[in-house]
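A short worksheet on the structure shown next.
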Amino acid sequence: MSMKTIREIADLKNKKVLLRADFDVSINEKGEILETFRIRKQKGTLNYLVNKGAKIILAAHISGDKTFSDLVPQLHIILGREIGFIKSPDQIESYFNNYSTPGLLENIRTFKGEIEDSKEFAGELSKNFDYYINNSFAVSHRRQASVSAVAEILPAYAGFQLEEEIRNLDKVLNASQEGKVIIIGGAKAETKIPTIKNLIRNSEYILTGGVVANDFLKAKGEDVGNSVVDDDFEKILSGLDVNDPRIILPSDFKRKGSKILDIGDETAEKYSSIIKLAKLVIWNGPMGLFEEPDFAVGTNKIAEAITKSAAFKILGGGDTITAVGRIGLLNKFDFVSTGGGAMLSYLAGDKLPGIEILK
Ligand code: ADP
Ligand code: MG
């Protein structure tokens, strides 16, 4: 890892810092934040900057064009400090003139220019700052203004959260083959198979479930009934030997009609015995339709097997985190990644724009 990190900034006293944070959380109809994990992961860097005397403005997004204005009181509580709200980049200058607490800019994705990585928007955004810090691993695979274009303008560094992500994911990339077990399930196979393609070279086992497993089964000519299978499964799997002995497919299932919705007990047991002997386990993607209790059994059994194993345990993916959180086992993992797509992309060996620019 050769990223420049926040520790390398010698003097932060009164320096103006643009902090790309990660507040992309789900909220319910009442506007209540449902999961505070991502927000809490920002505290270390924010507190460090405050204690060093920096003046901080946070830029972050929340999915679905929502506004941060109503969430600020909840952010106070979760972050343990007061946060101001800044409606648009043209108010940054006046915010600094009357600075008293860190300020959060409105949902960055509601401004034209963010998504398309506009240099003009990045110029406007970075105008008042001395430093840029990326502390949002989950967006680092995006070429967007507050992730990459701004980092080309300002001296740019990684925050603690980003550093921690890379340190842990590098363990997955660098660990030796023996005892390295990769568990991949869930849907969106086009984001998952590239990760398998990259990791299989030095892994002992790839355990599969969910729609990902269905794609493999279909490719091998198995009858999957009317299970969910990616239309372009052949294209997605091309370049991968589906008969590679390290790729383990489920051997029994829980179905609704002919539709596979979970792995069966025999599979869960076989996977658990492999996990038991592992030295490092990384898991992304539920084994089945865990939203329905009848089809959460496989996912829960895998979670329990991992937590009982002596292996170094890493977990990632929004739905996987939800599934494991439901049964209260998240804190048994050595590292929980805040990045779903970004984690898969990094493990697939891709160069992430938000990280490359910090090197
Ligand atoms: P993550 O967010 O952890 O990366 P994904 O978004 O890839 O995971 O996949 C999670 C989704 O996959 C869940 O909504 C789950 O219900 C679904 N899923 C898992 N197995 C199956 C299956 N056999 N058939 C249909 N959907 C499935
Ligand atoms: Mg998901």
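For the structure tokens, the naming scheme is as follows: chains receive sequential letters (A, B, ...) according to their order of presentation, residues are indexed from 1 within each chain, and ligands are indexed from 1 in presentation order.
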request  = Using only C-alpha atoms and all ligand atoms, find each residue with an atom at most 7 Å away from ligand 2 and format the answer as number ranges by chain.
outcome  = A: 317-319
Residues within 9 Å of ligand 1, counting only C-alpha atoms and all ligand atoms: report them as an mmCIF file with all heavy atoms, in the first residue's frame.
data_model
loop_
_atom_site.group_PDB
_atom_site.id
_atom_site.type_symbol
_atom_site.label_atom_id
_atom_site.label_comp_id
_atom_site.auth_asym_id
_atom_site.auth_seq_id
_atom_site.Cartn_x
_atom_site.Cartn_y
_atom_site.Cartn_z
ATOM 1 N N ILE A 184 -18.749 -16.743 -1.792
ATOM 2 C CA ILE A 184 -19.439 -15.763 -2.634
ATOM 3 C C ILE A 184 -20.855 -16.241 -2.917
ATOM 4 O O ILE A 184 -21.076 -17.324 -3.460
ATOM 5 C CB ILE A 184 -18.697 -15.559 -3.983
ATOM 6 C CG1 ILE A 184 -17.247 -15.079 -3.775
ATOM 7 C CG2 ILE A 184 -19.475 -14.573 -4.867
ATOM 8 C CD1 ILE A 184 -17.042 -13.610 -3.556
ATOM 9 N N GLY A 185 -21.822 -15.407 -2.536
ATOM 10 C CA GLY A 185 -23.220 -15.705 -2.836
ATOM 11 C C GLY A 185 -23.927 -14.454 -3.303
ATOM 12 O O GLY A 185 -23.302 -13.573 -3.888
ATOM 13 N N GLY A 186 -25.218 -14.379 -3.030
ATOM 14 C CA GLY A 186 -25.987 -13.196 -3.407
ATOM 15 C C GLY A 186 -26.319 -13.159 -4.880
ATOM 16 O O GLY A 186 -26.218 -14.165 -5.588
ATOM 17 N N ALA A 187 -26.730 -11.981 -5.320
ATOM 18 C CA ALA A 187 -27.106 -11.784 -6.719
ATOM 19 C C ALA A 187 -26.010 -10.965 -7.406
ATOM 20 O O ALA A 187 -24.876 -11.018 -6.966
ATOM 21 C CB ALA A 187 -28.456 -11.087 -6.763
ATOM 22 N N LYS A 188 -26.357 -10.224 -8.441
ATOM 23 C CA LYS A 188 -25.393 -9.353 -9.122
ATOM 24 C C LYS A 188 -24.081 -10.083 -9.442
ATOM 25 O O LYS A 188 -22.990 -9.622 -9.127
ATOM 26 C CB LYS A 188 -25.089 -8.127 -8.255
ATOM 27 C CG LYS A 188 -26.270 -7.189 -8.101
ATOM 28 C CD LYS A 188 -25.880 -5.898 -7.387
ATOM 29 C CE LYS A 188 -25.633 -6.119 -5.926
ATOM 30 N NZ LYS A 188 -25.386 -4.919 -5.126
ATOM 31 N N ALA A 189 -24.218 -11.246 -10.082
ATOM 32 C CA ALA A 189 -23.039 -12.073 -10.351
ATOM 33 C C ALA A 189 -21.999 -11.358 -11.207
ATOM 34 O O ALA A 189 -20.805 -11.639 -11.082
ATOM 35 C CB ALA A 189 -23.461 -13.380 -11.020
ATOM 36 N N THR A 191 -20.823 -8.583 -10.810
ATOM 37 C CA THR A 191 -19.854 -7.897 -9.950
ATOM 38 C C THR A 191 -19.037 -8.881 -9.115
ATOM 39 O O THR A 191 -18.028 -8.506 -8.535
ATOM 40 C CB THR A 191 -20.558 -6.915 -8.980
ATOM 41 O OG1 THR A 191 -21.360 -7.673 -8.050
ATOM 42 C CG2 THR A 191 -21.427 -5.915 -9.715
ATOM 43 N N LYS A 192 -19.491 -10.126 -9.050
ATOM 44 C CA LYS A 192 -18.852 -11.089 -8.141
ATOM 45 C C LYS A 192 -17.885 -12.032 -8.850
ATOM 46 O O LYS A 192 -16.849 -12.397 -8.293
ATOM 47 C CB LYS A 192 -19.919 -11.934 -7.448
ATOM 48 C CG LYS A 192 -21.103 -11.106 -6.987
ATOM 49 C CD LYS A 192 -21.379 -11.252 -5.537
ATOM 50 C CE LYS A 192 -22.343 -10.175 -5.072
ATOM 51 N NZ LYS A 192 -22.700 -10.285 -3.700
ATOM 52 N N GLY A 209 -22.931 -19.756 -3.373
ATOM 53 C CA GLY A 209 -24.346 -19.850 -3.016
ATOM 54 C C GLY A 209 -25.122 -18.811 -3.795
ATOM 55 O O GLY A 209 -24.557 -18.116 -4.651
ATOM 56 N N GLY A 210 -26.412 -18.709 -3.516
ATOM 57 C CA GLY A 210 -27.242 -17.678 -4.145
ATOM 58 C C GLY A 210 -27.306 -17.802 -5.659
ATOM 59 O O GLY A 210 -27.114 -18.887 -6.226
ATOM 60 N N VAL A 211 -27.551 -16.676 -6.294
ATOM 61 C CA VAL A 211 -27.689 -16.656 -7.751
ATOM 62 C C VAL A 211 -26.346 -16.979 -8.420
ATOM 63 O O VAL A 211 -26.295 -17.563 -9.504
ATOM 64 C CB VAL A 211 -28.231 -15.285 -8.213
ATOM 65 C CG1 VAL A 211 -28.338 -15.207 -9.726
ATOM 66 C CG2 VAL A 211 -29.602 -15.003 -7.561
ATOM 67 N N VAL A 212 -25.268 -16.620 -7.737
ATOM 68 C CA VAL A 212 -23.930 -16.921 -8.269
ATOM 69 C C VAL A 212 -23.800 -18.432 -8.501
ATOM 70 O O VAL A 212 -23.358 -18.887 -9.560
ATOM 71 C CB VAL A 212 -22.839 -16.407 -7.293
ATOM 72 C CG1 VAL A 212 -21.460 -16.900 -7.704
ATOM 73 C CG2 VAL A 212 -22.865 -14.888 -7.215
ATOM 74 N N ALA A 213 -24.218 -19.214 -7.503
ATOM 75 C CA ALA A 213 -24.163 -20.681 -7.640
ATOM 76 C C ALA A 213 -25.087 -21.156 -8.757
ATOM 77 O O ALA A 213 -24.730 -22.064 -9.527
ATOM 78 C CB ALA A 213 -24.534 -21.344 -6.318
ATOM 79 N N ASN A 214 -26.263 -20.537 -8.863
ATOM 80 C CA ASN A 214 -27.193 -20.922 -9.935
ATOM 81 C C ASN A 214 -26.547 -20.770 -11.312
ATOM 82 O O ASN A 214 -26.730 -21.611 -12.193
ATOM 83 C CB ASN A 214 -28.467 -20.071 -9.889
ATOM 84 C CG ASN A 214 -29.307 -20.330 -8.643
ATOM 85 O OD1 ASN A 214 -29.069 -21.292 -7.929
ATOM 86 N ND2 ASN A 214 -30.295 -19.477 -8.403
ATOM 87 N N SER A 227 -35.221 -21.188 -11.240
ATOM 88 C CA SER A 227 -34.380 -20.383 -10.348
ATOM 89 C C SER A 227 -33.903 -19.125 -11.050
ATOM 90 O O SER A 227 -33.817 -19.088 -12.285
ATOM 91 C CB SER A 227 -33.142 -21.181 -9.928
ATOM 92 O OG SER A 227 -33.526 -22.377 -9.302
ATOM 93 N N VAL A 228 -33.560 -18.121 -10.256
ATOM 94 C CA VAL A 228 -32.972 -16.906 -10.834
ATOM 95 C C VAL A 228 -31.573 -17.229 -11.362
ATOM 96 O O VAL A 228 -30.726 -17.751 -10.632
ATOM 97 C CB VAL A 228 -32.877 -15.777 -9.781
ATOM 98 C CG1 VAL A 228 -32.265 -14.521 -10.390
ATOM 99 C CG2 VAL A 228 -34.250 -15.487 -9.174
ATOM 100 N N VAL A 229 -31.373 -16.966 -12.651
ATOM 101 C CA VAL A 229 -30.064 -17.153 -13.287
ATOM 102 C C VAL A 229 -29.818 -15.907 -14.123
ATOM 103 O O VAL A 229 -30.747 -15.360 -14.711
ATOM 104 C CB VAL A 229 -30.072 -18.407 -14.212
ATOM 105 C CG1 VAL A 229 -28.769 -18.516 -14.985
ATOM 106 C CG2 VAL A 229 -30.300 -19.675 -13.405
ATOM 107 N N LYS A 254 -32.826 -25.764 -0.744
ATOM 108 C CA LYS A 254 -34.212 -25.531 -0.320
ATOM 109 C C LYS A 254 -34.884 -24.805 -1.482
ATOM 110 O O LYS A 254 -34.376 -23.797 -1.968
ATOM 111 C CB LYS A 254 -34.247 -24.646 0.920
ATOM 112 C CG LYS A 254 -33.582 -25.279 2.132
ATOM 113 C CD LYS A 254 -34.578 -25.531 3.253
ATOM 114 C CE LYS A 254 -33.945 -26.379 4.335
ATOM 115 N NZ LYS A 254 -32.722 -25.756 4.925
ATOM 116 N N ARG A 255 -36.028 -25.345 -1.884
ATOM 117 C CA ARG A 255 -36.693 -24.777 -3.060
ATOM 118 C C ARG A 255 -38.112 -24.344 -2.718
ATOM 119 O O ARG A 255 -38.708 -24.823 -1.746
ATOM 120 C CB ARG A 255 -36.791 -25.815 -4.171
ATOM 121 C CG ARG A 255 -35.480 -26.265 -4.754
ATOM 122 C CD ARG A 255 -35.778 -27.246 -5.897
ATOM 123 N NE ARG A 255 -34.654 -27.420 -6.787
ATOM 124 C CZ ARG A 255 -33.754 -28.379 -6.698
ATOM 125 N NH1 ARG A 255 -33.839 -29.267 -5.726
ATOM 126 N NH2 ARG A 255 -32.773 -28.472 -7.570
ATOM 127 N N LYS A 259 -37.876 -23.626 -7.796
ATOM 128 C CA LYS A 259 -36.965 -22.480 -7.656
ATOM 129 C C LYS A 259 -36.031 -22.651 -6.461
ATOM 130 O O LYS A 259 -36.493 -22.769 -5.317
ATOM 131 C CB LYS A 259 -37.818 -21.223 -7.481
ATOM 132 C CG LYS A 259 -37.104 -19.925 -7.675
ATOM 133 C CD LYS A 259 -38.125 -18.792 -7.667
ATOM 134 C CE LYS A 259 -37.492 -17.493 -8.120
ATOM 135 N NZ LYS A 259 -38.498 -16.463 -8.331
ATOM 136 N N ILE A 260 -34.728 -22.639 -6.720
ATOM 137 C CA ILE A 260 -33.729 -22.738 -5.651
ATOM 138 C C ILE A 260 -33.702 -21.419 -4.882
ATOM 139 O O ILE A 260 -33.463 -20.362 -5.463
ATOM 140 C CB ILE A 260 -32.323 -23.002 -6.236
ATOM 141 C CG1 ILE A 260 -32.289 -24.359 -6.954
ATOM 142 C CG2 ILE A 260 -31.257 -22.905 -5.150
ATOM 143 C CD1 ILE A 260 -31.009 -24.603 -7.746
ATOM 144 N N LEU A 261 -33.949 -21.493 -3.563
ATOM 145 C CA LEU A 261 -33.935 -20.256 -2.774
ATOM 146 C C LEU A 261 -32.958 -20.300 -1.594
ATOM 147 O O LEU A 261 -32.776 -19.306 -0.901
ATOM 148 C CB LEU A 261 -35.350 -19.903 -2.293
ATOM 149 C CG LEU A 261 -36.303 -19.471 -3.424
ATOM 150 C CD1 LEU A 261 -37.697 -19.205 -2.884
ATOM 151 C CD2 LEU A 261 -35.786 -18.231 -4.162
ATOM 152 N N ASP A 262 -32.336 -21.443 -1.371
ATOM 153 C CA ASP A 262 -31.321 -21.516 -0.308
ATOM 154 C C ASP A 262 -30.482 -22.778 -0.537
ATOM 155 O O ASP A 262 -30.906 -23.705 -1.236
ATOM 156 C CB ASP A 262 -31.996 -21.584 1.067
ATOM 157 C CG ASP A 262 -31.042 -21.255 2.228
ATOM 158 O OD1 ASP A 262 -29.892 -20.845 1.977
ATOM 159 O OD2 ASP A 262 -31.468 -21.420 3.391
ATOM 160 N N ILE A 263 -29.300 -22.813 0.095
ATOM 161 C CA ILE A 263 -28.528 -24.053 0.083
ATOM 162 C C ILE A 263 -29.177 -25.026 1.079
ATOM 163 O O ILE A 263 -29.853 -24.603 2.017
ATOM 164 C CB ILE A 263 -27.035 -23.815 0.444
ATOM 165 C CG1 ILE A 263 -26.887 -23.155 1.836
ATOM 166 C CG2 ILE A 263 -26.357 -22.960 -0.624
ATOM 167 C CD1 ILE A 263 -25.452 -23.083 2.348
ATOM 168 N N TRP A 283 -16.145 -13.302 3.076
ATOM 169 C CA TRP A 283 -17.521 -13.641 2.686
ATOM 170 C C TRP A 283 -18.244 -12.432 2.121
ATOM 171 O O TRP A 283 -18.281 -11.384 2.736
ATOM 172 C CB TRP A 283 -18.279 -14.162 3.910
ATOM 173 C CG TRP A 283 -19.697 -14.581 3.629
ATOM 174 C CD1 TRP A 283 -20.239 -14.889 2.429
ATOM 175 C CD2 TRP A 283 -20.744 -14.744 4.592
ATOM 176 N NE1 TRP A 283 -21.554 -15.242 2.571
ATOM 177 C CE2 TRP A 283 -21.885 -15.156 3.889
ATOM 178 C CE3 TRP A 283 -20.813 -14.577 5.979
ATOM 179 C CZ2 TRP A 283 -23.104 -15.406 4.539
ATOM 180 C CZ3 TRP A 283 -22.003 -14.824 6.612
ATOM 181 C CH2 TRP A 283 -23.146 -15.240 5.891
ATOM 182 N N ASN A 284 -18.783 -12.600 0.941
ATOM 183 C CA ASN A 284 -19.680 -11.603 0.345
ATOM 184 C C ASN A 284 -20.845 -12.315 -0.323
ATOM 185 O O ASN A 284 -20.642 -13.161 -1.191
ATOM 186 C CB ASN A 284 -18.934 -10.747 -0.686
ATOM 187 C CG ASN A 284 -19.897 -9.884 -1.475
ATOM 188 O OD1 ASN A 284 -20.387 -10.296 -2.513
ATOM 189 N ND2 ASN A 284 -20.204 -8.717 -0.971
ATOM 190 N N GLY A 285 -22.046 -11.968 0.062
ATOM 191 C CA GLY A 285 -23.251 -12.457 -0.600
ATOM 192 C C GLY A 285 -23.947 -13.570 0.158
ATOM 193 O O GLY A 285 -23.352 -14.634 0.397
ATOM 194 N N PRO A 286 -25.223 -13.361 0.536
ATOM 195 C CA PRO A 286 -25.977 -14.387 1.259
ATOM 196 C C PRO A 286 -26.131 -15.672 0.440
ATOM 197 O O PRO A 286 -26.087 -15.659 -0.786
ATOM 198 C CB PRO A 286 -27.349 -13.742 1.479
ATOM 199 C CG PRO A 286 -27.146 -12.279 1.260
ATOM 200 C CD PRO A 286 -26.007 -12.134 0.318
ATOM 201 N N MET A 287 -26.314 -16.782 1.150
ATOM 202 C CA MET A 287 -26.461 -18.096 0.505
ATOM 203 C C MET A 287 -27.840 -18.298 -0.110
ATOM 204 O O MET A 287 -28.031 -19.195 -0.936
ATOM 205 C CB MET A 287 -26.212 -19.218 1.534
ATOM 206 C CG MET A 287 -24.795 -19.296 2.063
ATOM 207 S SD MET A 287 -23.624 -19.845 0.798
ATOM 208 C CE MET A 287 -22.839 -18.304 0.363
ATOM 209 N N GLY A 288 -28.814 -17.499 0.315
ATOM 210 C CA GLY A 288 -30.178 -17.658 -0.191
ATOM 211 C C GLY A 288 -30.996 -16.408 0.003
ATOM 212 O O GLY A 288 -30.462 -15.338 0.347
ATOM 213 N N LEU A 289 -32.288 -16.562 -0.217
ATOM 214 C CA LEU A 289 -33.227 -15.449 -0.074
ATOM 215 C C LEU A 289 -33.462 -15.213 1.422
ATOM 216 O O LEU A 289 -34.519 -15.519 1.955
ATOM 217 C CB LEU A 289 -34.546 -15.802 -0.785
ATOM 218 C CG LEU A 289 -35.595 -14.719 -0.957
ATOM 219 C CD1 LEU A 289 -35.276 -13.861 -2.170
ATOM 220 C CD2 LEU A 289 -36.975 -15.339 -1.131
ATOM 221 N N PHE A 290 -32.431 -14.646 2.074
ATOM 222 C CA PHE A 290 -32.431 -14.572 3.551
ATOM 223 C C PHE A 290 -33.520 -13.667 4.103
ATOM 224 O O PHE A 290 -33.837 -13.732 5.282
ATOM 225 C CB PHE A 290 -31.055 -14.075 4.046
ATOM 226 C CG PHE A 290 -30.869 -12.597 3.831
ATOM 227 C CD1 PHE A 290 -31.133 -11.694 4.863
ATOM 228 C CD2 PHE A 290 -30.483 -12.105 2.603
ATOM 229 C CE1 PHE A 290 -30.994 -10.323 4.667
ATOM 230 C CE2 PHE A 290 -30.335 -10.738 2.395
ATOM 231 C CZ PHE A 290 -30.593 -9.848 3.423
ATOM 232 N N GLU A 291 -34.098 -12.816 3.233
ATOM 233 C CA GLU A 291 -35.166 -11.924 3.699
ATOM 234 C C GLU A 291 -36.369 -12.730 4.206
ATOM 235 O O GLU A 291 -37.130 -12.261 5.038
ATOM 236 C CB GLU A 291 -35.612 -10.980 2.579
ATOM 237 C CG GLU A 291 -34.551 -9.953 2.131
ATOM 238 C CD GLU A 291 -33.654 -10.442 0.992
ATOM 239 O OE1 GLU A 291 -33.558 -11.687 0.780
ATOM 240 O OE2 GLU A 291 -33.027 -9.597 0.328
ATOM 241 N N GLU A 292 -36.536 -13.953 3.657
ATOM 242 C CA GLU A 292 -37.612 -14.823 4.136
ATOM 243 C C GLU A 292 -37.008 -15.847 5.101
ATOM 244 O O GLU A 292 -36.097 -16.593 4.711
ATOM 245 C CB GLU A 292 -38.279 -15.551 2.955
ATOM 246 C CG GLU A 292 -39.053 -14.604 2.066
ATOM 247 C CD GLU A 292 -39.836 -15.340 0.981
ATOM 248 O OE1 GLU A 292 -40.126 -16.545 1.148
ATOM 249 O OE2 GLU A 292 -40.132 -14.695 -0.037
ATOM 250 N N PHE A 295 -35.764 -19.245 4.165
ATOM 251 C CA PHE A 295 -34.603 -19.364 3.273
ATOM 252 C C PHE A 295 -33.368 -18.634 3.813
ATOM 253 O O PHE A 295 -32.432 -18.349 3.080
ATOM 254 C CB PHE A 295 -34.981 -18.879 1.861
ATOM 255 C CG PHE A 295 -36.160 -19.639 1.310
ATOM 256 C CD1 PHE A 295 -37.410 -19.029 1.191
ATOM 257 C CD2 PHE A 295 -36.034 -20.978 0.960
ATOM 258 C CE1 PHE A 295 -38.508 -19.741 0.719
ATOM 259 C CE2 PHE A 295 -37.126 -21.699 0.493
ATOM 260 C CZ PHE A 295 -38.368 -21.088 0.373
ATOM 261 N N ALA A 296 -33.392 -18.324 5.104
ATOM 262 C CA ALA A 296 -32.242 -17.683 5.759
ATOM 263 C C ALA A 296 -31.368 -18.714 6.471
ATOM 264 O O ALA A 296 -30.292 -18.389 6.968
ATOM 265 C CB ALA A 296 -32.729 -16.640 6.763
ATOM 266 N N LEU A 315 -15.877 -9.717 6.200
ATOM 267 C CA LEU A 315 -17.234 -9.734 5.654
ATOM 268 C C LEU A 315 -17.470 -8.445 4.887
ATOM 269 O O LEU A 315 -16.964 -7.394 5.276
ATOM 270 C CB LEU A 315 -18.194 -9.820 6.846
ATOM 271 C CG LEU A 315 -19.671 -9.794 6.579
ATOM 272 C CD1 LEU A 315 -20.144 -11.230 6.508
ATOM 273 C CD2 LEU A 315 -20.390 -9.087 7.705
ATOM 274 N N GLY A 316 -18.244 -8.518 3.826
ATOM 275 C CA GLY A 316 -18.595 -7.287 3.119
ATOM 276 C C GLY A 316 -19.849 -7.461 2.293
ATOM 277 O O GLY A 316 -20.269 -8.588 2.009
ATOM 278 N N GLY A 317 -20.464 -6.339 1.911
ATOM 279 C CA GLY A 317 -21.690 -6.366 1.109
ATOM 280 C C GLY A 317 -22.890 -5.956 1.942
ATOM 281 O O GLY A 317 -23.092 -6.470 3.045
ATOM 282 N N GLY A 318 -23.685 -5.040 1.416
ATOM 283 C CA GLY A 318 -24.810 -4.479 2.167
ATOM 284 C C GLY A 318 -25.759 -5.545 2.692
ATOM 285 O O GLY A 318 -26.120 -5.538 3.882
ATOM 286 N N ASP A 319 -26.170 -6.474 1.839
ATOM 287 C CA ASP A 319 -27.135 -7.490 2.267
ATOM 288 C C ASP A 319 -26.499 -8.513 3.195
ATOM 289 O O ASP A 319 -27.148 -9.019 4.108
ATOM 290 C CB ASP A 319 -27.731 -8.200 1.043
ATOM 291 C CG ASP A 319 -28.638 -7.268 0.271
ATOM 292 O OD1 ASP A 319 -29.684 -6.896 0.802
ATOM 293 O OD2 ASP A 319 -28.266 -6.884 -0.855
ATOM 294 N N THR A 320 -25.239 -8.822 2.967
ATOM 295 C CA THR A 320 -24.547 -9.772 3.842
ATOM 296 C C THR A 320 -24.445 -9.187 5.253
ATOM 297 O O THR A 320 -24.682 -9.882 6.240
ATOM 298 C CB THR A 320 -23.138 -10.077 3.276
ATOM 299 O OG1 THR A 320 -23.258 -10.336 1.880
ATOM 300 C CG2 THR A 320 -22.515 -11.285 3.948
ATOM 301 N N ILE A 321 -24.128 -7.893 5.325
ATOM 302 C CA ILE A 321 -24.043 -7.220 6.625
ATOM 303 C C ILE A 321 -25.414 -7.230 7.309
ATOM 304 O O ILE A 321 -25.528 -7.515 8.506
ATOM 305 C CB ILE A 321 -23.501 -5.777 6.455
ATOM 306 C CG1 ILE A 321 -22.030 -5.820 6.035
ATOM 307 C CG2 ILE A 321 -23.674 -4.967 7.750
ATOM 308 C CD1 ILE A 321 -21.426 -4.463 5.665
ATOM 309 N N THR A 322 -26.477 -6.958 6.535
ATOM 310 C CA THR A 322 -27.829 -6.988 7.102
ATOM 311 C C THR A 322 -28.152 -8.379 7.648
ATOM 312 O O THR A 322 -28.650 -8.527 8.767
ATOM 313 C CB THR A 322 -28.866 -6.603 6.020
ATOM 314 O OG1 THR A 322 -28.530 -5.303 5.523
ATOM 315 C CG2 THR A 322 -30.277 -6.580 6.581
ATOM 316 N N ALA A 323 -27.852 -9.402 6.846
ATOM 317 C CA ALA A 323 -28.180 -10.774 7.238
ATOM 318 C C ALA A 323 -27.447 -11.186 8.518
ATOM 319 O O ALA A 323 -28.041 -11.760 9.431
ATOM 320 C CB ALA A 323 -27.837 -11.739 6.098
ATOM 321 N N GLY A 340 -19.314 -2.504 -0.675
ATOM 322 C CA GLY A 340 -19.815 -3.681 -1.365
ATOM 323 C C GLY A 340 -19.133 -3.766 -2.721
ATOM 324 O O GLY A 340 -18.187 -4.540 -2.926
ATOM 325 N N GLY A 341 -19.581 -2.902 -3.639
ATOM 326 C CA GLY A 341 -19.007 -2.867 -4.982
ATOM 327 C C GLY A 341 -17.526 -2.549 -4.966
ATOM 328 O O GLY A 341 -16.745 -3.150 -5.707
ATOM 329 N N LEU A 344 -15.480 -5.634 -3.865
ATOM 330 C CA LEU A 344 -15.384 -6.648 -4.922
ATOM 331 C C LEU A 344 -14.426 -6.191 -6.016
ATOM 332 O O LEU A 344 -13.620 -6.969 -6.517
ATOM 333 C CB LEU A 344 -16.774 -6.927 -5.496
ATOM 334 C CG LEU A 344 -17.708 -7.696 -4.550
ATOM 335 C CD1 LEU A 344 -19.146 -7.594 -5.025
ATOM 336 C CD2 LEU A 344 -17.274 -9.152 -4.438
#
query = Which residue out of A:Arg246, A:Arg81, A:Lys30, A:Lys197 has the minimum interatomic distance to A:Leu347 when only C-alpha atoms are used?
reply = A:Lys197
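One finds atom CA of A:Lys41 at 17.8 Å from atom CA of A:Pro73.
Shortest separation to A:Ser337 among A:Asn243, A:Asn300, A:Ser136, A:Thr110 occurs at residue A:Ser136, atoms counted being only C-alpha atoms.
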query = Could you pull the residues within 8 Å of A:Lys301, counting only C-alpha atoms, minus those fewer than 3 positions along the same chain, as a VMD selection string?
reply = chain A and resid 268 272 297 to 298 304 to 305
task = Enumerate as a PyMOL selection string all residues of stretch 103-241 of chain A assigned to alpha helix (DSSP H) by DSSP on the backbone, naming them with the chain letters and numbers the document uses.
result = chain A and resi 119-126+150-153+160-174+189-199+210-219+233-237
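The interatomic distance for the pair atom CA of A:Glu93 and atom CA of A:Lys359 works out to 29.1 Å.
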ask   = Smallest atom-to-atom distance to A:Val150: which of A:Leu237, A:Leu330, A:Ile248, A:Val17, using only C-alpha atoms?
value = A:Val17
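The closest residue to A:Val336, picked from A:Ile302, A:Leu75, A:Ala219, A:Ile282 and counting only C-alpha atoms, is A:Ile282.
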